[in-house]
Each structure stands twice: as C-alpha cells, then as structure tokens.
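Enquirer: My structure is below; once you've seen it, I'll send some questions.
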Amino acid sequence: MSAGRKSEDLMEHGQSQAVSGRVFSIVIVDDARPSTLLLKAALGESPNLSVALFTDPLEAIAWVETHRPDLVITDYVMPDMDGIALARRIRALPHGSAVPIIMATARNEAAVRTLALSAGINEFLGKPVDGTELRARVQNMLHLREQHVQLQEANNRLQALNKMLALEIEQRKILEDELRRLATLDMLTGALTRRRFLELFDQELARRARTATPLCVLMIDLDHFKSINDRFGHGTGDLALSHFSAVCKSCLRSTDHLGRMGGEEFAALLPETNIEDAHVIAERLRRSIAAAKITVDEGQDLAVTVSIGVAECYGYQQPEAILAAADRALYQAKNSGRNRVVR
Ligand code: GH3
Ligand code: MG
Ligand code: MG
Ligand code: MG
C-alpha cells in the first residue's frame, strides 16, 4: 500500500496510515435525498473516493451486485425496505459477505444496534452524523477492506501458481517417461537394450512360473557381417542392421521382445511359445531376412542372412543359462553352414 496525498484528503486528523492509491467505491442509501447529500459532503472531497447515492434500496442492491463496492453506508428507517433488510440482502449476494456496511440512523438504541449487528452490519453511527467520526470509521473500514482485497489477490495468485506448478509437474513426468522409454531402446535399430531385454526376461520367467506356459528364446546373429562392413562401408552395415530389426518386428508378435545383445547379435523372447512353434517362427524369420533385399548406394542389392539358435526355458533356469543354450544352438548353425536355424 502506498501512502499518498490522495488518501490524506480523506483524513482530517492526518492519520499517518494511508489506505491505498486506488479509488474506493462507496454506496450511500437513504430514502431522503438531502440526507444522502449530507453524508456525501461529510465524507469530504477526495480523488480516491467514488460515491454513488441511492434513495431506492432495491436499486442500491442491484448496483452492489454488479459493481461490488468497497463500502455501503445505509439509513435504517426507509419506507420500502429498512437498512437491516438491505444488509441481509447484500450479505446474501455472491460477493456480498465481504462488503463492509455502516448503518447511520437517528434510532440509536441498543435493540436496533443488536438487530443490525445480527444482520451483519459492521458499524453503527447516530444521526446527525459527526463528519470527523464518519471519516475515521470509513477510513478504518476501507483499511480492512483493502487488506481483504489484497489477501484475496494473493490467494488468487497462489492458486494460479499452484495450477502452473501442477502442469509443470505433469509435463515433467511425461518427459521423464519419454526419457526412460528412450533409455530402454537401442538408437540404431529400435530394439530393446540388452539391459532392458534382461529385465523383461526376468519378468517373463516369473510369469511363466505363475502361468505354466512355455517360453522360448531365439539367438540371432547376422552372417559374415564383417565382410558387409568391409565391402560396403560401416554406413551400409548400419542400414542392414536397422533393416534386419524392421523385418524381425514384422515377423514377431507385439508380445514378443527383440533385444540387441551387442554388435550384430540379437535375441528374441517369445512368451507362450513352445520349442516347435519357436522353430517355425525362427525359420520364417530366417527366410524373410534372406528374401528381403537391401539396395545400397551403387544400385547393388545386398543379401543379408542370419543364423538362429532356438532354446526353450526349462525348470528354474536363469536367463543367462537359457541364452547360453540358445547361443550353443547358434554356434552349431554357424558351423553347419550359416543361414539356418538350429534348436
Ligand atoms: P559370422 O557369420 O561368423 O557371425 O561372421 P561375422 O562377420 O558376422 O562375425 P564377427 O563377430 O566376426 O563380426 C561382427 C561384425 O559386426 C564386426 C563389427 O565391426 C560389426 N558391427 C558390430 N556392431 C556394428 C554396428 O553397430 N554397425 C556396423 N556397421 N557394424 C557393426
Ligand atoms: Mg430514513
Ligand atoms: Mg555375425
Ligand atoms: Mg556376432
């Protein structure tokens, strides 16, 4: 709140605490027009006060509802609706509970004051109104009102910040999920990393134990891959690797897992698949790879073949033991001429 010359205009006794730099809106309601004018004059001329006068309480209520003033000063005895009924109506408005209300009346009796207080009226002034007292009371009320407004604004800002924070946390979570997903995939081929593949292997072994369903593993190695690199360059070798992985994905089910175990060696995990079916799948994969041609720069077609070893999980074997069994089968496939499946 900035202390300003403006608000000092309001104060006759130079109270050091200024209310605020903003313009406060005050509503005066009295069935006698001269009384409204007297009250307005008693408030004093001030550029930070905007005063609206009403002789009809219903019009005043409508105005309060739409303009949300900072203070209402009302008469008590009025023909259509008295000041207490008016206060009750204001308190019932959506934002009416926070508007300070002062009642100024000649009926300065304890019973009336009690009734006024119970209707939610904050301050009481006897008529004829003493200007100095009126201004002091108005000053205090506006001070409270300003504190209330500022608290509400701070609360609104806090809520907006909370909303932003929640959004940021949500976005961060999405990003983290994406990063985690990326960390589980091999960049070149899109196959699972070795580490992720072994994690899933553990999970599939646990599931196999629960459901008593078969689980098979294929160990796949590209044939003479070194010579592809040597003849066509490392870039073409990379192309062959991603091509291989794409063919694999088209041959495997979405529930199967393909992992790049290192270099040009891959493993496929086939849940709910026995050794006979795994062999059929491996054979289909081998033929698909051999049939697919990769066109390299010079317009030459590159033929890639794979050798595959198949193994089924038995008993309580660890992934390493099962992979080793598949590896032995793969070794046999290599030794017996490559481009073949051995189980
Ligand atoms: P084999 O039929 O016995 O498997 O012979 P091979 O030449 O495929 O086997 P070897 O293990 O001797 O060679 C594998 C080659 O794969 C050697 C390595 O340079 C290459 N390689 C490994 N990773 C990558 C890669 O990411 N990109 C490319 N272009 N080549 C790779
Ligand atoms: Mg009256
Ligand atoms: Mg190889
Ligand atoms: Mg190899």
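Letters A, B, ... mark the chains of the structure tokens in the order given; residue numbers begin at 1 per chain; ligand numbers begin at 1, in order shown.
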As a list of chain:residue names, please: every residue in region 8-156 of chain A that DSSP puts in strand (DSSP E or B).
Expert: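 DSSP-assigned strand (DSSP E or B) residues in region 8-156 of chain A: A:Phe24, A:Ser25, A:Ile26, A:Val27, A:Ile28, A:Val29, A:Leu49, A:Ser50, A:Val51, A:Ala52, A:Leu53, A:Phe54, A:Leu71, A:Val72, A:Ile73, A:Thr74, A:Ile101, A:Ile102, A:Met103, A:Ala104, A:Thr105, A:Glu123, A:Phe124, A:Leu125, A:Gly126.
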Enquirer: Kindly provide, as JSON, numbers by chain, all nucleotide and amino acid residues lying within 8 Å of ligand 4, counting only C-alpha atoms and all ligand atoms.
Expert: {"A": [221, 222, 223, 225, 262, 263, 264, 265]}
Enquirer: Closest to Gln203 (chain A) among A:Gly21, A:Pro79, A:Pro319, A:Gly131, using only C-alpha atoms?
Expert: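 Selected residue with least distance to Gln203 (chain A): A:Pro319.
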Enquirer: Go ahead and compute the interatomic distance for CA of Pro271 (chain A) and CA of Gly315 (chain A), in Å to one decimal.
Expert: 15.2 Å
Enquirer: Please return as an NGL selection string the residues found within 6 Å of ligand 2, counting only C-alpha atoms and all ligand atoms.
Expert: :A and (30-31 or 75 or 77-78)
Enquirer: Print the selection's residues with N, CA and C atoms to a file, as a compact mmCIF listing (two decimals), in the first residue's frame.
Expert:
# COMPACT_ATOMS: atom_id res chain seq x y z
N ASP A 30 -30.23 6.17 1.38
CA ASP A 30 -31.12 6.86 2.33
C ASP A 30 -32.34 7.33 1.55
N ASP A 31 -33.53 7.05 2.12
CA ASP A 31 -34.74 7.43 1.38
C ASP A 31 -34.88 8.94 1.21
N ASP A 75 -29.08 4.04 5.65
CA ASP A 75 -30.06 4.55 6.62
C ASP A 75 -30.75 3.34 7.25
N VAL A 77 -34.37 3.55 8.82
CA VAL A 77 -35.80 3.62 8.51
C VAL A 77 -36.01 4.13 7.08
N MET A 78 -36.55 3.24 6.25
CA MET A 78 -36.88 3.62 4.87
C MET A 78 -38.22 2.96 4.56
Enquirer: Let me see if you get this right: every residue at most 8 Å from ligand 1, counting only C-alpha atoms and all ligand atoms, written as a list in words.
Expert: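 Going residue by residue within 8 Å of ligand 1, we get Leu188, Asp221, Leu222, Asp223, His224, Phe225, Lys226, Ser227, Ile228, Asn229, Gly233, His234, Gly235, Thr236, Gly237, Asp238, Leu239, Ala240, Leu241, Gly262, Gly263, Glu264, Val306, Ser307, Lys334 and Arg338 of chain A.
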